[in-house]
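Undergrad: Take this structure first; my questions come after.
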Amino acid sequence: MNVSCSRTQLREALRVVSGVVDPRNIKPILKDIHIKALRDKLEISATDLEVGLKFFVRDVQVSKPGGIVIPADPLGGIVNESRDERLSLSVANSALHVEGKGSKFHVVGVSEEEFPEIPDFPDEACLEIEGAVLREMIEKTVFAVSSEKQRYALNGVLLVTKEKTAKIEMIGTDGHRLAVIRRKANAPAPSSNSAIIAVKALQQLQKMIGDEEVVKIAIHERQVMMRTENGVLVAQLVEGRFPAYKEVIPEDCDKRLEISAEELGNAVRQAAALTAGESAAVWLKLSGSKLVVESSDPERGEARVEIEAKYEGAPIEIRFNPDFLLDGVKAMGRDTIRFEMKDAARAAVMRAGADYLYLLMPIVQE
Amino acid sequence: MENVRDIFHVDVDAFFASVEQVLHPELRGKPVIVGGNPEDRSVVAAASYEARRYGVHSAMPITQARRLCPQAVFVRGHFADYIEYSRRIEEILNRYAPRVEATSLDDFYMDLTGCRPLHGAPIEAAEKLKREVKERTGLNVTVGIAGNSTVAKIASELGKPNGILEVWRGSEEAFLRNLPVERLPGVGPSTAETLHKYNIQTIGDIARLTPEMLRQQFGVWGTSLSEHARGRDDSEVSIERAAPKSIGRETTFRADTADRAELRATLYDLTEHVARSLREERLAARRVTVKVRYADFSTVTSARTLAEPTDRDDDFFEAAAGKLEELLQKRRMQVRLIGVTLSALGPAGERQGKLFDEGKPQRRRRFYEGLDKLREKFGHDIARVGPSLRLPREDQAEEPKKKEKKDVREGIR
């Protein structure tokens with residue numbers, strides 16, 4: 001292998017790919033990255049066997065194709081610190097040689113044969129979606145996903161497509177709250193599918209998506225493949241059954257609050273300052289045209305914040321985890337939030353238009 | 001007029017031995033001696049009244065007790081049960097008085113001042129609570145009633161067993177006058193010896209000395225000794241203890257072990273105990289810490305924070321077992337001790353609502369509550385759940401000859 005490449009593009013590729021590398025993996029080769037010079041581009045890949053990713057450096061001159069597997073860390077350091085515009089990479093004696101102006105590095109590697117291949121996929125039968133739209137969908141659902149390892153199916157976002165319609169849906173939940181977003185793909189989906197995609201894969205995808213590009217998604221039985229202009233990501237689908245989320249979205253909320261997102265966010269943050277870490281909870285007390293946010297912690301004190309709000313319905317007092325409220329306020333991304341409730345023991349819903357909703361359960365008394 | 005207080009001292013009669021008799025009806029009416037193995041050098045922890053008739057008393061070497069009363073049933077102590085019974089009694093007492101102070105597992109001070117409109121005269125209140133304790137636990141208690149803690153305690157000692165003794169307010173000094181100095185709380189063998197040297201035999205003899213004389217001899221304590229001997233004591237029954245910050249339990253294996261199944265079983269058993277204590281306190285916990293001490297005495301702990309507070313055995317065990325496994329993977333050595341601690345405590349009954357599976361956790365919670373009730377009545381060993389099924393039952397009361405089984409676990413809170 002012998003290549004000259006743009007340092008900034010190489011740096012970008014290493015930044016994206018290194019996110020997949022798991023430094024604690026017990027298989028040494030999975031702590032490494034694979035660098036491969038093809039005829040017209042440099043391909044850098046990594047995998048943890050759950051998520052595999054390859055990313056391309058296109059500004060290259062390849063004088064001799066080839067490849068090597070090396071640890072991710074040292075190369076990242078070298079490329080970050082270098083001030084050269086271009087770097088030349090070559091392989092000799094099981095080492096990657098990196099050369100800039102007046103600098104030379106040898107990074108010891110291993111042969112590329114053992115590195116797992118990251119498959120690519122053909123263009124047909126893909127879902128095509130604008131990068132910015134996909135990014136928004138991920139952002140507005142992934143925060144609600146569970147980080148608890150026991151509940152497998154909740155460790156990812158459900159992606160739902162319907163044959164012959166461009167409407168797609170993403171759902172994230174941790175069992176206590178639920179975010180549902182609907183958007184449109186560029187063209188009708190090739191098939192109906194429901195796939196649970198792991199958070200790590202989605203976060204990785206976020207890093208890969210450029211500003212104005214189309215992302216292609218192919219859902220297979222066991223894995224999902226996603227392609228951007230410069231990269232391919234393949235992720236094992238999360239196994240397990242996603243909960244019946246549609247059934248828990250209430251249709252009968254008779255208490256409606258309309259409120260400025262900023263004001264609600266501020267009030268909750270202020271009240272939350274006085275909640276105990278482990279049993280954090282704030283009261284929302286609604287009646288007439290005012291909202292009172294209260295909290296108390298026997299050891300630290302009490303908080304009460306009152307704000308004007310547009311409220312319809314019988315008075316209600318309901319308790320929430322302040323973080324859940326704040327996550328919702330942030331995800332709504334609007335000036336005014338619509339917040340609907342039924343009673344103090346049932347799920348409340350925040351809505352932004354017809355295509356995004358965030359459901360959260362209150363804190364209940366047993 | 002000085003405030004007249006109603007202070008009760010409640011003392012359970014032959015506590016450990018009585019609990020054994022409650023849990024093992026076949027021991028009723030028999031001399032029961034609780035303590036270590038009759039073959040070894042341990043001492044008597046408690047003796048039933050039947051055994052006391054033969055001169056057996058607490059702190060006596062087991063071997064001597066055996067000589068005095070060879071027909072006695074020797075029982076190794078079951079601390080978990082004693083703790084449970086103690087808590088149950090405390091719970092009952094708490095309904096009678098706003099202030100209950102447990103000074104040990106089997107004695108309690110209560111301040112019933114101002115409670116007469118509620119419970120009637122002190123003696124009636126005492127009868128009522130004695131009856132209730134008997135009905136609900138099967139145990140006899142003796143109640144001493146006086147205007148202060150010191151006199152109430154002496155009264156309960158004199159009223160034993162199964163009695164009520166009230167010292168009329170104003171007659172405290174007269175009540176104490178002819179009692180030997182050893183009756184006064186705090187007067188141990190060495191103080192008694194000093195007093196005897198000066199020919200002071202009775203509490204009345206102490207009362208006749210000036211406080212200055214006592215202070216010269218005994219320092220600051222001499223002042224309170226002088227007060228107590230006159231039947232005066234203005235100490236308060238301290239308000240119930242603060243809510244615990246953590247609840248833990250650990251156990252040392254009789255023999256070091258690396259047997260996963262045994263370790264898990266023991267861990268489950270420990271988890272059940274701490275979870276039950278947690279439920280009794282009406283608390284929920286969010287953090288589970290597992291402690292492992294290896295054969296070389298090196299000790300490691302590892303903790304997991306749960307997604308939400310819980311008070312259920314299965315939630316805690318899942319976290320604890322995961323942590324135990326991690327610790328065991330890291331180091332291959334025999335284990336000497338394991339322990340589990342719950343922390344990050346908060347009020348129970350309040351929890352983050354769930355969107356999907358409301359029914360199941362409720363059912364499991366009811367299961368554990370049912371189990372708690374069962375064990376409250378019949379002792380911890382009445383039921384075994386899950387991994388702890390393989391554990392041997394704690395030693396049953398047996399005749400000394402047959403007693404051979406090992407009690408591998410000694411839960412100390």
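Chain labels follow the order of the structure tokens: the first chain is A, the next B, and so on; residue numbering restarts at 1 in every chain, and ligands are counted from 1 in their shown order.
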Please check the contacts: residues of chain A at most 6 Å away from chain B, using only C-alpha atoms, listed as a PDB file with N, CA, C and O atoms, in the first residue's frame.

TA:
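Now in iface_30.pdb:
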ATOM      1  N   GLY A 175     -39.739   2.513  28.765  1.00  0.00           N
ATOM      2  CA  GLY A 175     -40.774   1.913  29.600  1.00  0.00           C
ATOM      3  C   GLY A 175     -41.459   2.920  30.506  1.00  0.00           C
ATOM      4  O   GLY A 175     -42.511   2.645  31.071  1.00  0.00           O
ATOM      5  N   HIS A 176     -40.851   4.097  30.651  1.00  0.00           N
ATOM      6  CA  HIS A 176     -41.458   5.137  31.476  1.00  0.00           C
ATOM      7  C   HIS A 176     -41.922   6.308  30.637  1.00  0.00           C
ATOM      8  O   HIS A 176     -42.780   7.072  31.031  1.00  0.00           O
ATOM      9  N   MET A 361     -44.863   8.988  31.911  1.00  0.00           N
ATOM     10  CA  MET A 361     -45.656   8.538  33.053  1.00  0.00           C
ATOM     11  C   MET A 361     -45.313   9.407  34.251  1.00  0.00           C
ATOM     12  O   MET A 361     -44.168   9.764  34.457  1.00  0.00           O
ATOM     13  N   PRO A 362     -46.314   9.728  35.060  1.00  0.00           N
ATOM     14  CA  PRO A 362     -46.019  10.465  36.295  1.00  0.00           C
ATOM     15  C   PRO A 362     -45.403   9.532  37.346  1.00  0.00           C
ATOM     16  O   PRO A 362     -45.313   8.328  37.131  1.00  0.00           O
ATOM     17  N   ILE A 363     -45.014  10.136  38.444  1.00  0.00           N
ATOM     18  CA  ILE A 363     -44.588   9.342  39.592  1.00  0.00           C
ATOM     19  C   ILE A 363     -45.853   9.020  40.370  1.00  0.00           C
ATOM     20  O   ILE A 363     -46.654   9.909  40.647  1.00  0.00           O
ATOM     21  N   VAL A 364     -46.053   7.750  40.654  1.00  0.00           N
ATOM     22  CA  VAL A 364     -47.322   7.343  41.241  1.00  0.00           C
ATOM     23  C   VAL A 364     -47.126   6.746  42.626  1.00  0.00           C
ATOM     24  O   VAL A 364     -46.041   6.296  42.985  1.00  0.00           O
ATOM     25  N   GLN A 365     -48.209   6.761  43.353  1.00  0.00           N
ATOM     26  CA  GLN A 365     -48.239   6.205  44.702  1.00  0.00           C
ATOM     27  C   GLN A 365     -48.721   4.769  44.593  1.00  0.00           C
ATOM     28  O   GLN A 365     -49.682   4.512  43.883  1.00  0.00           O
ATOM     29  N   GLU A 366     -48.070   3.879  45.306  1.00  0.00           N
ATOM     30  CA  GLU A 366     -48.499   2.479  45.180  1.00  0.00           C
ATOM     31  C   GLU A 366     -49.634   2.142  46.109  1.00  0.00           C
ATOM     32  O   GLU A 366     -49.767   2.742  47.155  1.00  0.00           O
TER      33      GLU A 366
END

Undergrad: Fewer than 2 positions away in the same chain doesn't count, so skip those; otherwise give me all residues within 7 Å of segment 231-233 of chain A, counting only C-alpha atoms, as an NGL selection string.

TA: :A and (52-56 or 120 or 208 or 225-229 or 235)

Undergrad: Could you name the residues that touch Ile249 of chain A at 10 Å or less, counting only C-alpha atoms, but leaving out those on the same chain fewer than 5 positions away, as a list in words?

TA: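 So the residues in contact are Leu178, Val180, Ala244, Ala347, Ala348, Val349, Leu357, Tyr358, Leu359 and Leu360 of chain A; Leu355 of chain B.
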
Undergrad: Pick out the residues sitting within 10 Å of Ala295 of chain B, and hand them over as number ranges by chain; count only C-alpha atoms, and ignore anything fewer than 5 positions along from it in its own chain.

TA: B: 255-258, 333-337

Undergrad: Write out as JSON, numbers by chain each polymer residue whose atoms come within 9 Å of Ala229 of chain B, counting only C-alpha atoms; drop sequence neighbours fewer than 5 positions from it.

TA: {"B": [173, 176, 177, 181, 184, 203, 204, 205, 206, 207, 208, 224]}

Undergrad: Mind dumping the selected residues with N, CA and C atoms as an mmCIF file, in the first residue's frame?

TA:
data_model
loop_
_atom_site.group_PDB
_atom_site.id
_atom_site.type_symbol
_atom_site.label_atom_id
_atom_site.label_comp_id
_atom_site.auth_asym_id
_atom_site.auth_seq_id
_atom_site.Cartn_x
_atom_site.Cartn_y
_atom_site.Cartn_z
ATOM 1 N N GLU B 173 -37.768 7.119 96.077
ATOM 2 C CA GLU B 173 -36.639 6.943 96.968
ATOM 3 C C GLU B 173 -36.900 5.800 97.941
ATOM 4 N N LEU B 176 -36.486 2.405 96.337
ATOM 5 C CA LEU B 176 -35.117 1.972 96.084
ATOM 6 C C LEU B 176 -34.339 1.674 97.362
ATOM 7 N N ARG B 177 -34.797 2.259 98.455
ATOM 8 C CA ARG B 177 -33.984 2.339 99.664
ATOM 9 C C ARG B 177 -33.312 1.023 100.047
ATOM 10 N N VAL B 181 -27.114 -2.280 95.960
ATOM 11 C CA VAL B 181 -26.574 -1.286 95.029
ATOM 12 C C VAL B 181 -26.488 -1.836 93.597
ATOM 13 N N LEU B 184 -28.900 -0.840 90.745
ATOM 14 C CA LEU B 184 -28.887 0.461 90.090
ATOM 15 C C LEU B 184 -28.192 0.342 88.730
ATOM 16 N N ILE B 203 -29.105 0.835 97.957
ATOM 17 C CA ILE B 203 -29.239 2.089 97.218
ATOM 18 C C ILE B 203 -29.494 3.229 98.203
ATOM 19 N N GLY B 204 -30.218 2.914 99.261
ATOM 20 C CA GLY B 204 -30.472 3.910 100.299
ATOM 21 C C GLY B 204 -29.165 4.403 100.921
ATOM 22 N N ASP B 205 -28.185 3.482 101.047
ATOM 23 C CA ASP B 205 -26.889 3.901 101.596
ATOM 24 C C ASP B 205 -26.245 4.945 100.688
ATOM 25 N N ILE B 206 -26.383 4.749 99.377
ATOM 26 C CA ILE B 206 -25.801 5.719 98.442
ATOM 27 C C ILE B 206 -26.509 7.059 98.592
ATOM 28 N N ALA B 207 -27.842 6.995 98.716
ATOM 29 C CA ALA B 207 -28.629 8.222 98.789
ATOM 30 C C ALA B 207 -28.235 9.068 99.993
ATOM 31 N N ARG B 208 -27.736 8.414 101.012
ATOM 32 C CA ARG B 208 -27.381 9.159 102.221
ATOM 33 C C ARG B 208 -26.054 9.896 102.079
ATOM 34 N N SER B 224 -24.568 11.709 88.892
ATOM 35 C CA SER B 224 -25.819 11.061 88.479
ATOM 36 C C SER B 224 -26.110 9.849 89.357
#

Undergrad: DSSP on the backbone: what in segment 65-164 of chain A comes out strand (DSSP E), as JSON, numbers by chain?

TA: {"A": [66, 67, 68, 69, 70, 71, 86, 87, 88, 89, 90, 91, 92, 95, 96, 97, 98, 99, 100, 103, 104, 105, 106, 107, 108, 127, 128, 129, 130, 156, 157, 158, 159, 160, 161]}

Undergrad: Would you please work out which residue, of B:Cys69, B:Ser388, B:Ala146, B:Ser235, is nearest to Gly55 of chain B when using only C-alpha atoms?

TA: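 Nearest candidate to Gly55 of chain B out of B:Cys69, B:Ser388, B:Ala146, B:Ser235: B:Cys69.
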
Undergrad: Need the shell around segment 310-326 of chain A: protein/DNA/RNA residues with any atom at most 7 Å away, counting only C-alpha atoms. Skip same-chain ones fewer than 5 positions apart. Format as a ChimeraX atom specification?

TA: /A:254-259,265,268,272,280-289,344,362-363

Undergrad: Write a file of the selected residues as an mmCIF file, in the first residue's frame, keeping N, CA, C and O atoms.

TA:
data_model
loop_
_atom_site.group_PDB
_atom_site.id
_atom_site.type_symbol
_atom_site.label_atom_id
_atom_site.label_comp_id
_atom_site.auth_asym_id
_atom_site.auth_seq_id
_atom_site.Cartn_x
_atom_site.Cartn_y
_atom_site.Cartn_z
ATOM 1 N N ASP A 254 -58.393 15.038 28.993
ATOM 2 C CA ASP A 254 -59.351 16.137 29.018
ATOM 3 C C ASP A 254 -58.791 17.373 29.717
ATOM 4 O O ASP A 254 -59.510 18.300 30.031
ATOM 5 N N LYS A 255 -57.491 17.355 29.979
ATOM 6 C CA LYS A 255 -56.868 18.518 30.616
ATOM 7 C C LYS A 255 -55.733 18.987 29.717
ATOM 8 O O LYS A 255 -54.821 18.222 29.424
ATOM 9 N N ARG A 256 -55.837 20.217 29.266
ATOM 10 C CA ARG A 256 -54.865 20.694 28.281
ATOM 11 C C ARG A 256 -54.164 21.946 28.746
ATOM 12 O O ARG A 256 -54.790 22.922 29.129
ATOM 13 N N LEU A 257 -52.868 21.894 28.661
ATOM 14 C CA LEU A 257 -52.050 23.039 29.037
ATOM 15 C C LEU A 257 -51.309 23.524 27.801
ATOM 16 O O LEU A 257 -50.735 22.724 27.059
ATOM 17 N N GLU A 258 -51.346 24.832 27.583
ATOM 18 C CA GLU A 258 -50.491 25.398 26.537
ATOM 19 C C GLU A 258 -49.538 26.338 27.216
ATOM 20 O O GLU A 258 -49.946 27.209 27.982
ATOM 21 N N ILE A 259 -48.279 26.163 26.968
ATOM 22 C CA ILE A 259 -47.315 26.916 27.761
ATOM 23 C C ILE A 259 -46.038 27.155 26.970
ATOM 24 O O ILE A 259 -45.672 26.354 26.103
ATOM 25 N N GLY A 265 -39.622 25.101 31.103
ATOM 26 C CA GLY A 265 -38.266 24.577 31.344
ATOM 27 C C GLY A 265 -37.617 25.263 32.538
ATOM 28 O O GLY A 265 -37.081 24.598 33.426
ATOM 29 N N VAL A 268 -39.289 24.241 35.913
ATOM 30 C CA VAL A 268 -38.945 22.880 36.334
ATOM 31 C C VAL A 268 -37.492 22.819 36.801
ATOM 32 O O VAL A 268 -37.171 22.208 37.817
ATOM 33 N N ALA A 272 -36.418 21.754 40.452
ATOM 34 C CA ALA A 272 -35.627 20.529 40.531
ATOM 35 C C ALA A 272 -34.346 20.730 41.319
ATOM 36 O O ALA A 272 -33.770 19.782 41.831
ATOM 37 N N ALA A 280 -35.966 12.213 42.904
ATOM 38 C CA ALA A 280 -36.308 13.503 42.327
ATOM 39 C C ALA A 280 -37.730 13.495 41.792
ATOM 40 O O ALA A 280 -38.124 12.595 41.065
ATOM 41 N N ALA A 281 -38.481 14.496 42.172
ATOM 42 C CA ALA A 281 -39.841 14.621 41.648
ATOM 43 C C ALA A 281 -40.284 16.059 41.814
ATOM 44 O O ALA A 281 -39.957 16.703 42.803
ATOM 45 N N VAL A 282 -41.004 16.565 40.840
ATOM 46 C CA VAL A 282 -41.613 17.886 40.980
ATOM 47 C C VAL A 282 -43.116 17.737 40.783
ATOM 48 O O VAL A 282 -43.577 16.889 40.033
ATOM 49 N N TRP A 283 -43.832 18.570 41.512
ATOM 50 C CA TRP A 283 -45.284 18.622 41.353
ATOM 51 C C TRP A 283 -45.632 19.627 40.265
ATOM 52 O O TRP A 283 -45.067 20.711 40.242
ATOM 53 N N LEU A 284 -46.567 19.283 39.413
ATOM 54 C CA LEU A 284 -47.194 20.290 38.564
ATOM 55 C C LEU A 284 -48.616 20.416 39.094
ATOM 56 O O LEU A 284 -49.353 19.431 39.131
ATOM 57 N N LYS A 285 -48.973 21.629 39.524
ATOM 58 C CA LYS A 285 -50.319 21.846 40.046
ATOM 59 C C LYS A 285 -51.012 22.852 39.148
ATOM 60 O O LYS A 285 -50.566 23.988 39.023
ATOM 61 N N LEU A 286 -52.075 22.384 38.537
ATOM 62 C CA LEU A 286 -52.752 23.212 37.537
ATOM 63 C C LEU A 286 -54.170 23.516 37.955
ATOM 64 O O LEU A 286 -54.919 22.627 38.362
ATOM 65 N N SER A 287 -54.510 24.810 37.864
ATOM 66 C CA SER A 287 -55.893 25.204 38.071
ATOM 67 C C SER A 287 -56.048 26.603 37.527
ATOM 68 O O SER A 287 -55.092 27.379 37.528
ATOM 69 N N GLY A 288 -57.226 26.928 37.072
ATOM 70 C CA GLY A 288 -57.478 28.243 36.503
ATOM 71 C C GLY A 288 -56.502 28.514 35.373
ATOM 72 O O GLY A 288 -56.321 27.687 34.498
ATOM 73 N N SER A 289 -55.811 29.638 35.483
ATOM 74 C CA SER A 289 -54.871 29.934 34.414
ATOM 75 C C SER A 289 -53.454 29.974 34.955
ATOM 76 O O SER A 289 -52.633 30.746 34.517
ATOM 77 N N ALA A 344 -53.671 11.874 37.666
ATOM 78 C CA ALA A 344 -52.336 11.862 38.262
ATOM 79 C C ALA A 344 -51.636 10.515 38.170
ATOM 80 O O ALA A 344 -50.469 10.390 38.515
ATOM 81 N N PRO A 362 -46.314 9.728 35.060
ATOM 82 C CA PRO A 362 -46.019 10.465 36.295
ATOM 83 C C PRO A 362 -45.403 9.532 37.346
ATOM 84 O O PRO A 362 -45.313 8.328 37.131
ATOM 85 N N ILE A 363 -45.014 10.136 38.444
ATOM 86 C CA ILE A 363 -44.588 9.342 39.592
ATOM 87 C C ILE A 363 -45.853 9.020 40.370
ATOM 88 O O ILE A 363 -46.654 9.909 40.647
#

Undergrad: Extract, using only C-alpha atoms, all DNA, RNA and protein residues at most 10 Å from Ile196 of chain A, discarding same-chain residues fewer than 2 positions from it, and format them as a ChimeraX atom specification.

TA: /A:152-160,170-172,194,198-199,223-224,236-242

Undergrad: Find the distance between atom CA of Leu42 of chain A and atom CA of Val91 of chain A and write it in Å to one decimal.

TA: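 It comes out at 13.4 Å.
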
Undergrad: Just give me the gap between atom CA of Val187 of chain B and atom CA of His9 of chain B in Å, one decimal is fine.

TA: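 These two atoms are separated by 18.1 Å.
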
Undergrad: Report, in Å to a single decimal, how far apart atom CA of Ser277 of chain B and atom CA of Asn140 of chain B are.

TA: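 According to the coordinates, atom CA of Asn140 of chain B and atom CA of Ser277 of chain B are separated by 23.9 Å.
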